[in-house]
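J.: Quick one, data_8.tsv (TSV, C-alpha atoms):
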```tsv
chain	number	residue	atom	x	y	z
A	1	MET	CA	-5.09	175.47	-235.97
A	2	SER	CA	-4.74	171.70	-236.27
A	3	ARG	CA	-3.48	170.14	-239.44
A	4	TYR	CA	-5.47	167.02	-240.32
A	5	VAL	CA	-3.65	163.95	-241.56
A	6	LEU	CA	-5.35	161.07	-243.34
A	7	GLY	CA	-3.43	157.84	-242.88
A	8	TYR	CA	-3.59	154.38	-244.41
A	9	ASP	CA	-1.92	151.19	-243.25
A	10	VAL	CA	-2.12	148.46	-245.91
A	11	GLY	CA	-1.11	145.24	-244.16
A	12	GLY	CA	-1.25	141.50	-244.57
A	13	THR	CA	-4.43	140.97	-242.55
A	14	LYS	CA	-6.20	144.33	-242.62
A	15	ILE	CA	-6.34	147.75	-244.25
A	16	SER	CA	-6.74	150.64	-241.84
A	17	SER	CA	-7.68	154.23	-242.47
A	18	VAL	CA	-6.97	156.81	-239.77
A	19	LEU	CA	-7.82	160.48	-239.33
A	20	GLY	CA	-5.58	162.33	-236.89
A	21	ASP	CA	-3.65	165.51	-236.32
A	22	GLU	CA	0.03	166.39	-236.26
A	23	THR	CA	0.21	165.99	-232.46
A	24	GLY	CA	-0.57	162.29	-232.81
A	25	LYS	CA	-4.18	162.52	-231.66
A	26	ILE	CA	-6.27	159.86	-233.41
A	27	LEU	CA	-9.74	161.20	-234.19
A	28	ALA	CA	-11.27	158.21	-235.96
A	29	THR	CA	-10.36	154.87	-237.53
A	30	LEU	CA	-11.86	152.53	-240.08
A	31	ARG	CA	-10.70	148.99	-240.85
A	32	LYS	CA	-11.45	146.21	-243.30
A	33	PRO	CA	-9.81	142.83	-243.99
A	34	THR	CA	-7.14	142.53	-246.65
A	35	VAL	CA	-8.21	140.52	-249.69
A	36	ARG	CA	-5.32	138.87	-251.52
A	37	HIS	CA	-6.98	139.21	-254.95
A	38	LEU	CA	-7.97	142.85	-254.38
A	39	GLY	CA	-5.89	144.30	-257.24
A	40	SER	CA	-4.69	147.87	-257.69
A	41	ARG	CA	-7.91	149.45	-258.97
A	42	LYS	CA	-10.10	148.01	-256.21
A	43	LEU	CA	-7.50	148.86	-253.57
A	44	ALA	CA	-7.41	152.48	-254.75
A	45	ASP	CA	-11.22	152.63	-254.74
A	46	ASP	CA	-11.37	151.20	-251.23
A	47	LEU	CA	-8.78	153.66	-249.90
A	48	VAL	CA	-10.65	156.60	-251.44
A	49	GLN	CA	-13.97	155.42	-250.02
A	50	MET	CA	-12.52	154.82	-246.54
A	51	GLY	CA	-10.85	158.23	-246.56
A	52	HIS	CA	-14.01	160.11	-247.52
A	53	SER	CA	-15.99	158.23	-244.86
A	54	LEU	CA	-13.63	159.49	-242.15
A	55	LEU	CA	-13.48	163.04	-243.51
A	56	ASP	CA	-17.27	163.25	-243.77
A	57	LYS	CA	-17.58	162.48	-240.04
A	58	PHE	CA	-15.81	165.75	-239.28
A	59	GLY	CA	-17.23	167.83	-242.11
A	60	LEU	CA	-13.93	167.93	-243.98
A	61	THR	CA	-13.60	167.87	-247.76
A	62	LYS	CA	-9.91	166.96	-247.73
A	63	PRO	CA	-7.02	166.47	-245.29
A	64	ASP	CA	-3.88	168.60	-245.12
A	65	SER	CA	-1.68	165.63	-245.98
A	66	ILE	CA	-1.80	161.85	-246.41
A	67	GLY	CA	0.47	159.08	-245.15
A	68	VAL	CA	0.46	155.53	-246.50
A	69	THR	CA	2.35	152.69	-244.86
A	70	PHE	CA	2.66	149.45	-246.77
A	71	ALA	CA	3.72	145.92	-245.89
A	72	GLY	CA	5.92	145.35	-248.89
A	73	LEU	CA	8.69	146.79	-251.02
A	74	VAL	CA	8.11	150.45	-251.92
A	75	ASP	CA	9.86	153.33	-253.65
A	76	SER	CA	9.08	156.11	-251.19
A	77	GLU	CA	10.47	158.86	-253.43
A	78	LYS	CA	8.27	157.91	-256.39
A	79	GLY	CA	5.29	156.91	-254.21
A	80	THR	CA	5.18	153.50	-255.86
A	81	VAL	CA	4.53	150.02	-254.53
A	82	ILE	CA	7.25	147.88	-256.10
A	83	SER	CA	5.84	144.55	-254.95
A	84	SER	CA	3.44	143.17	-252.36
A	85	PRO	CA	3.54	139.79	-250.59
A	86	ASN	CA	-0.08	140.18	-249.48
A	87	ILE	CA	-2.07	141.63	-252.40
A	88	LEU	CA	-1.77	140.45	-255.99
A	89	GLY	CA	-1.56	142.87	-258.92
A	90	LEU	CA	0.29	145.73	-257.22
A	91	LYS	CA	3.62	145.53	-259.03
A	92	ASN	CA	4.88	149.10	-259.69
A	93	PHE	CA	1.55	150.55	-258.55
A	94	PRO	CA	1.70	154.40	-258.15
A	95	ILE	CA	-0.43	154.45	-255.01
A	96	SER	CA	0.52	157.99	-253.98
A	97	LYS	CA	-0.55	159.42	-257.33
A	98	ALA	CA	-3.95	157.71	-257.09
A	99	LEU	CA	-4.63	159.37	-253.72
A	100	GLU	CA	-3.19	162.73	-254.73
A	101	ASN	CA	-5.46	162.80	-257.77
A	102	GLU	CA	-8.49	162.19	-255.56
A	103	PHE	CA	-7.77	164.40	-252.55
A	104	GLY	CA	-5.47	167.03	-254.07
A	105	VAL	CA	-2.88	166.92	-251.29
A	106	ARG	CA	0.63	165.56	-250.96
A	107	THR	CA	0.78	161.83	-250.21
A	108	HIS	CA	3.75	160.17	-248.50
A	109	LEU	CA	4.46	156.43	-248.90
A	110	GLU	CA	6.73	154.29	-246.73
A	111	ASN	CA	7.37	150.67	-245.80
A	112	ASP	CA	5.34	149.92	-242.67
A	113	ALA	CA	8.32	148.96	-240.47
A	114	THR	CA	10.27	152.09	-241.46
A	115	ALA	CA	7.20	154.22	-240.79
A	116	ALA	CA	6.78	152.58	-237.37
A	117	THR	CA	10.40	153.52	-236.62
A	118	ILE	CA	9.57	157.11	-237.56
A	119	ALA	CA	6.50	157.00	-235.28
A	120	GLU	CA	8.73	156.04	-232.35
A	121	ARG	CA	10.97	159.01	-233.16
A	122	ILE	CA	8.08	161.49	-233.41
A	123	PHE	CA	5.63	160.20	-230.77
A	124	GLY	CA	7.27	157.38	-228.82
A	125	GLN	CA	10.34	156.16	-226.96
A	126	GLY	CA	12.68	157.40	-229.69
A	127	LYS	CA	11.98	161.07	-228.91
A	128	GLU	CA	14.63	160.99	-226.21
A	129	HIS	CA	17.27	159.01	-228.12
A	130	ASP	CA	19.32	159.82	-231.21
A	131	ASN	CA	20.56	156.23	-231.57
A	132	PHE	CA	17.94	153.50	-231.42
A	133	VAL	CA	16.84	150.42	-233.32
A	134	TYR	CA	13.16	149.55	-233.66
A	135	MET	CA	11.92	145.99	-234.15
A	136	THR	CA	8.33	145.13	-234.98
A	137	LEU	CA	7.13	141.66	-233.96
A	138	SER	CA	3.97	140.94	-235.87
A	139	THR	CA	2.91	138.59	-238.67
A	140	GLY	CA	6.48	139.13	-239.87
A	141	ILE	CA	9.50	140.86	-238.36
A	142	GLY	CA	10.87	144.16	-239.60
A	143	GLY	CA	12.46	147.27	-238.24
A	144	GLY	CA	14.47	150.40	-238.72
A	145	ALA	CA	17.02	152.61	-237.02
A	146	PHE	CA	17.85	156.20	-236.19
A	147	LEU	CA	21.60	156.72	-236.00
A	148	GLY	CA	23.04	160.06	-234.97
A	149	GLY	CA	19.51	161.45	-234.98
A	150	LYS	CA	18.88	160.53	-238.63
A	151	LEU	CA	16.82	157.76	-240.17
A	152	TYR	CA	19.21	155.16	-241.59
A	153	ARG	CA	18.06	153.96	-245.01
A	154	GLY	CA	21.17	152.29	-246.41
A	155	ALA	CA	22.62	152.58	-249.89
A	156	HIS	CA	19.50	151.24	-251.63
A	157	GLY	CA	16.82	152.44	-249.21
A	158	MET	CA	16.27	148.91	-247.88
A	159	ALA	CA	17.92	149.04	-244.45
A	160	GLY	CA	16.05	147.56	-241.51
A	161	GLU	CA	15.19	144.09	-242.84
A	162	ILE	CA	16.25	142.61	-239.52
A	163	GLY	CA	13.74	139.77	-239.79
A	164	HIS	CA	15.93	138.25	-242.50
A	165	MET	CA	18.95	137.84	-240.29
A	166	VAL	CA	19.78	134.11	-240.06
A	167	VAL	CA	19.79	132.91	-236.44
A	168	MET	CA	19.40	129.14	-237.00
A	169	SER	CA	21.71	127.37	-239.43
A	170	ASN	CA	19.63	125.21	-241.83
A	171	GLY	CA	16.46	126.26	-240.03
A	172	PRO	CA	12.95	126.57	-241.53
A	173	VAL	CA	12.58	128.17	-244.94
A	174	CYS	CA	11.65	131.84	-244.78
A	175	GLY	CA	9.42	133.66	-247.24
A	176	CYS	CA	12.56	135.35	-248.60
A	177	GLY	CA	13.95	131.95	-249.61
A	178	ARG	CA	16.72	131.69	-247.01
A	179	ARG	CA	16.76	129.22	-244.15
A	180	GLY	CA	16.66	130.04	-240.46
A	181	CYS	CA	15.74	133.71	-240.65
A	182	LEU	CA	14.53	135.30	-237.42
A	183	GLU	CA	11.17	135.95	-239.12
A	184	ALA	CA	10.72	132.27	-239.98
A	185	ILE	CA	11.16	131.35	-236.31
A	186	ALA	CA	9.99	134.18	-234.05
A	187	SER	CA	7.34	136.11	-236.02
A	188	GLY	CA	3.63	135.52	-235.47
A	189	ARG	CA	3.53	133.37	-238.59
A	190	GLY	CA	6.68	131.51	-237.54
A	191	ILE	CA	5.38	130.79	-234.03
A	192	ALA	CA	2.06	129.48	-235.38
A	193	ARG	CA	3.85	127.28	-237.90
A	194	ARG	CA	6.11	125.75	-235.26
A	195	VAL	CA	3.07	124.86	-233.14
A	196	ALA	CA	0.99	123.47	-236.00
A	197	GLU	CA	3.86	121.32	-237.31
A	198	ASN	CA	4.17	119.47	-233.99
A	199	ILE	CA	1.06	117.37	-234.55
A	200	THR	CA	1.73	115.02	-231.63
A	201	ALA	CA	2.05	117.85	-229.09
A	202	VAL	CA	-1.06	119.56	-230.45
A	203	LYS	CA	-3.14	116.38	-230.19
A	204	GLU	CA	-1.97	115.76	-226.62
A	205	SER	CA	-2.75	119.29	-225.47
A	206	GLU	CA	-6.20	119.95	-224.03
A	207	LEU	CA	-5.98	123.56	-225.19
A	208	TYR	CA	-4.68	123.07	-228.74
A	209	SER	CA	-6.53	119.87	-229.63
A	210	GLY	CA	-9.83	121.73	-229.90
A	211	LEU	CA	-8.47	124.31	-232.34
A	212	ARG	CA	-8.27	124.27	-236.11
A	213	PRO	CA	-4.72	124.87	-237.42
A	214	SER	CA	-5.87	128.21	-238.86
A	215	ASP	CA	-6.95	129.34	-235.37
A	216	ILE	CA	-3.48	128.91	-233.87
A	217	ASP	CA	-1.59	132.19	-233.51
A	218	ALA	CA	1.07	133.79	-231.31
A	219	LYS	CA	-1.52	135.42	-229.06
A	220	LYS	CA	-2.98	132.02	-228.15
A	221	VAL	CA	0.48	130.57	-227.53
A	222	PHE	CA	1.20	133.26	-224.92
A	223	GLU	CA	-2.30	132.86	-223.45
A	224	PHE	CA	-1.90	129.09	-223.17
A	225	LYS	CA	1.51	129.52	-221.57
A	226	LYS	CA	-0.11	131.60	-218.82
A	227	LYS	CA	-2.63	128.79	-218.34
A	228	GLY	CA	0.21	126.35	-217.69
A	229	ASP	CA	0.43	124.55	-221.04
A	230	MET	CA	3.93	123.07	-221.16
A	231	PHE	CA	4.10	122.90	-224.95
A	232	SER	CA	3.34	126.65	-225.13
A	233	GLN	CA	6.00	127.23	-222.49
A	234	LEU	CA	8.55	125.46	-224.69
A	235	ILE	CA	7.54	127.41	-227.81
A	236	VAL	CA	7.73	130.74	-225.97
A	237	GLU	CA	11.14	129.90	-224.46
A	238	GLU	CA	12.53	128.96	-227.89
A	239	THR	CA	11.06	132.12	-229.42
A	240	ILE	CA	12.62	134.32	-226.74
A	241	TYR	CA	16.00	132.63	-227.13
A	242	TYR	CA	16.15	133.30	-230.87
A	243	LEU	CA	14.85	136.85	-230.43
A	244	ALA	CA	17.64	137.44	-227.91
A	245	VAL	CA	20.22	136.11	-230.36
A	246	GLY	CA	18.92	138.47	-233.06
A	247	ILE	CA	18.70	141.46	-230.74
A	248	VAL	CA	22.25	141.01	-229.45
A	249	ASN	CA	23.49	140.71	-233.04
A	250	ILE	CA	21.81	144.04	-233.81
A	251	ILE	CA	23.18	145.71	-230.69
A	252	ASP	CA	26.70	144.46	-231.43
A	253	ILE	CA	26.51	146.01	-234.90
A	254	PHE	CA	24.81	149.35	-234.17
A	255	ASP	CA	25.54	149.98	-230.46
A	256	PRO	CA	22.25	151.84	-229.87
A	257	GLU	CA	21.15	153.54	-226.67
A	258	VAL	CA	17.90	151.56	-226.62
A	259	MET	CA	16.17	148.78	-228.53
A	260	ILE	CA	12.45	149.46	-229.01
A	261	ILE	CA	10.09	146.55	-229.68
A	262	GLY	CA	6.55	146.95	-230.98
A	263	GLY	CA	3.99	145.08	-233.05
A	264	GLY	CA	1.20	142.73	-232.07
A	265	ILE	CA	3.38	140.22	-230.22
A	266	ALA	CA	4.60	143.02	-227.94
A	267	ASN	CA	1.06	143.10	-226.56
A	268	ALA	CA	2.03	140.01	-224.56
A	269	GLY	CA	3.61	142.55	-222.19
A	270	ASP	CA	5.63	141.20	-219.28
A	271	GLU	CA	5.13	137.62	-220.53
A	272	LEU	CA	7.45	138.62	-223.36
A	273	PHE	CA	9.59	141.47	-222.04
A	274	ARG	CA	10.62	140.11	-218.65
A	275	PRO	CA	12.22	136.88	-219.96
A	276	LEU	CA	13.43	138.62	-223.12
A	277	ARG	CA	15.41	141.19	-221.16
A	278	ALA	CA	16.96	138.39	-219.10
A	279	ALA	CA	17.79	136.38	-222.23
A	280	VAL	CA	19.41	139.39	-223.91
A	281	HIS	CA	21.49	140.04	-220.77
A	282	GLU	CA	22.67	136.40	-220.82
A	283	GLU	CA	23.37	136.39	-224.57
A	284	PHE	CA	25.69	139.41	-224.35
A	285	LYS	CA	28.39	137.22	-222.73
A	286	SER	CA	31.54	139.36	-222.48
A	287	MET	CA	30.12	142.06	-224.82
A	288	GLN	CA	27.78	143.39	-222.11
A	289	ARG	CA	26.63	147.01	-222.45
A	290	PRO	CA	23.83	149.12	-220.89
A	291	VAL	CA	21.25	148.93	-223.69
A	292	ARG	CA	17.63	149.02	-222.52
A	293	ILE	CA	14.87	146.97	-224.15
A	294	LEU	CA	11.76	149.17	-224.31
A	295	ARG	CA	8.19	148.54	-225.37
A	296	GLY	CA	7.05	150.49	-228.42
A	297	LEU	CA	3.84	152.40	-229.04
A	298	LYS	CA	0.75	150.28	-228.47
A	299	ASN	CA	-1.01	151.92	-231.43
A	300	GLY	CA	2.15	152.22	-233.51
A	301	ALA	CA	0.49	151.09	-236.75
A	302	ASP	CA	-2.04	153.92	-236.62
A	303	LEU	CA	0.44	156.52	-235.43
A	304	SER	CA	2.97	155.58	-238.11
A	305	THR	CA	0.57	156.77	-240.82
A	306	ILE	CA	0.32	160.12	-239.03
A	307	ALA	CA	4.01	160.40	-238.12
A	308	LEU	CA	5.17	159.85	-241.71
A	309	PRO	CA	3.80	163.12	-243.19
A	310	VAL	CA	4.75	165.04	-240.02
A	311	PHE	CA	8.32	163.75	-240.30
A	312	ARG	CA	8.66	164.37	-244.05
A	313	GLU	CA	7.08	167.82	-244.02
A	314	ASN	CA	9.39	168.93	-241.22
A	315	GLY	CA	12.56	168.08	-243.11
A	316	GLY	CA	12.91	164.35	-242.41
A	317	SER	CA	13.98	162.01	-245.18
```
What does the file become when written as structure tokens?

T.:
Amino acid sequence: MSRYVLGYDVGGTKISSVLGDETGKILATLRKPTVRHLGSRKLADDLVQMGHSLLDKFGLTKPDSIGVTFAGLVDSEKGTVISSPNILGLKNFPISKALENEFGVRTHLENDATAATIAERIFGQGKEHDNFVYMTLSTGIGGGAFLGGKLYRGAHGMAGEIGHMVVMSNGPVCGCGRRGCLEAIASGRGIARRVAENITAVKESELYSGLRPSDIDAKKVFEFKKKGDMFSQLIVEETIYYLAVGIVNIIDIFDPEVMIIGGGIANAGDELFRPLRAAVHEEFKSMQRPVRILRGLKNGADLSTIALPVFRENGGS
């Protein structure tokens, strides 16, 4: 008999609710945009409402377990959101308790990038590898690692913040306050910022000149590159170079079997992966080793909310 898992992904642009089973089959999804001034009470109400809507579709009164992934700093053991860069009023918010009180089942909370790493281990490329590093390329850049078959959390439970590795000395200011972080340069937000700041190139481009600054994103940059826009070509080449620098740094430190890359920017497919693999090969210099660069789960955000309870309830930590 299938065990039903209710999952939530609370991100910077949207909140998703997912109903699935422990095999990774997604039965239904529901999404709504993230509102920065949502607050803890309204967020809890929205999550409860979204969850019941999905359960009602299948005649269920409650799930067997709940997984919550969150784009922010969390205490997974206490089920508490420590802070959120995307939604105000969530400091020390006991989100797991709010859902457990409503649905009466155990609720598991995890940082979204760590949960995506777990999803790769349970349902994706990481099933075959005991040593891998996962990198998510999305609005920001995050990640995680399995070393020796175990999730690596670090001494303070904060391992995997690979987006805050400095790759450009005195580069652009990152949201963390440092300069030249990989996230500030090669994330979706970083790519869009680099395009929008080059006002002259934007005005001279037939493709960009008709867009509002708020409409510029990484997806359009890759699309415009395919259409032959030279400015987009330059931005993509720079992005791939700095990603390669960061990836080789990670490989030199952890020596994984594979490097798995997911997130929205990974949807660029061969436009990203073909030159990225070549750039990583070049950046190795004399430290060359046979580490493969693999594409992560296409629906990793949804599957991470399902994988988290499966992982935890089968002895993972």

J.: Return as JSON lines the residues of region 213-266 of chain A lying at most 12 Å from region 196-206 of chain A, together with the closest atom-to-atom pair for each and the distance in Å to one decimal, counting only C-alpha atoms, with rows in chain order and ascending residue number.

T.:
```
{"residue": "A:Pro213", "atom": "CA", "partner": "A:Ala196", "partner_atom": "CA", "distance": 6.0}
{"residue": "A:Ser214", "atom": "CA", "partner": "A:Ala196", "partner_atom": "CA", "distance": 8.8}
{"residue": "A:Asp215", "atom": "CA", "partner": "A:Ala196", "partner_atom": "CA", "distance": 9.9}
{"residue": "A:Ile216", "atom": "CA", "partner": "A:Ala196", "partner_atom": "CA", "distance": 7.4}
{"residue": "A:Asp217", "atom": "CA", "partner": "A:Ala196", "partner_atom": "CA", "distance": 9.4}
{"residue": "A:Ala218", "atom": "CA", "partner": "A:Ala196", "partner_atom": "CA", "distance": 11.3}
{"residue": "A:Val221", "atom": "CA", "partner": "A:Ala196", "partner_atom": "CA", "distance": 11.1}
{"residue": "A:Phe224", "atom": "CA", "partner": "A:Ser205", "partner_atom": "CA", "distance": 10.1}
{"residue": "A:Lys225", "atom": "CA", "partner": "A:Ser205", "partner_atom": "CA", "distance": 11.7}
{"residue": "A:Lys227", "atom": "CA", "partner": "A:Glu206", "partner_atom": "CA", "distance": 11.1}
{"residue": "A:Gly228", "atom": "CA", "partner": "A:Ser205", "partner_atom": "CA", "distance": 10.9}
{"residue": "A:Asp229", "atom": "CA", "partner": "A:Ser205", "partner_atom": "CA", "distance": 7.6}
{"residue": "A:Met230", "atom": "CA", "partner": "A:Ser205", "partner_atom": "CA", "distance": 8.8}
{"residue": "A:Phe231", "atom": "CA", "partner": "A:Ala201", "partner_atom": "CA", "distance": 6.8}
{"residue": "A:Ser232", "atom": "CA", "partner": "A:Ser205", "partner_atom": "CA", "distance": 9.6}
{"residue": "A:Leu234", "atom": "CA", "partner": "A:Ala201", "partner_atom": "CA", "distance": 10.9}
{"residue": "A:Ile235", "atom": "CA", "partner": "A:Asn198", "partner_atom": "CA", "distance": 10.6}
```

J.: Counting only C-alpha atoms, note down every residue that has an atom within 12 Å of the point (-16.6, 161.4, -242.4) (file coordinates), as a PyMOL selection string.

T.: chain A and resi 6+17-19+27-30+48-63

J.: Would you please work out which residue, of A:Thr107, A:Thr34, A:Thr80, A:Ser138, is nearest to Ala268 (chain A) when using only C-alpha atoms?

T.: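 Selected residue with least distance to Ala268 (chain A): A:Ser138.
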
J.: List the spatial neighbours of Ala244 (chain A) as JSON, numbers by chain - criterion: any atom at most 8 Å away, only C-alpha atoms, same-chain residues fewer than 4 positions off excluded.

T.: {"A": [240, 248, 276, 279, 280, 283]}

J.: Choose the residue, out of A:Gly157, A:Ala71, A:Thr23, A:Leu88, that has the smallest atom-to-atom separation from Val35 (chain A); count only C-alpha atoms.

T.: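 Among the listed residues, A:Leu88 lies closest to Val35 (chain A).
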
J.: With only C-alpha atoms as the basis for distance, which of A:Pro290, A:Pro309, A:Gly300, A:Gly180 is at the shortest distance from Glu120 (chain A)?

T.: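 Residue with the minimum atom-to-atom distance to Glu120 (chain A): A:Gly300.
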
J.: Can you list, as a list in words, every protein, DNA or RNA residue that comes within 9 Å of Ser317 (chain A) when you count only C-alpha atoms, leaving out same-chain residues fewer than 6 positions away?

T.: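 Non-adjacent residues within range: Lys150, Leu151 and Phe311 of chain A.
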
J.: Choose the residue, out of A:Val236, A:Met165, A:Val105, A:Leu47, that has the smallest atom-to-atom separation from Gly142 (chain A); count all atoms listed in the file.

T.: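 Between A:Val236, A:Met165, A:Val105, A:Leu47, the residue approaching Gly142 (chain A) most closely is A:Met165.
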
J.: Have a look at CA of Gln125 (chain A) and CA of Arg295 (chain A) and let me know their distance in Å, one decimal.

T.: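 Taking CA of Gln125 (chain A) as the start and CA of Arg295 (chain A) as the end point, the length is 8.1 Å.
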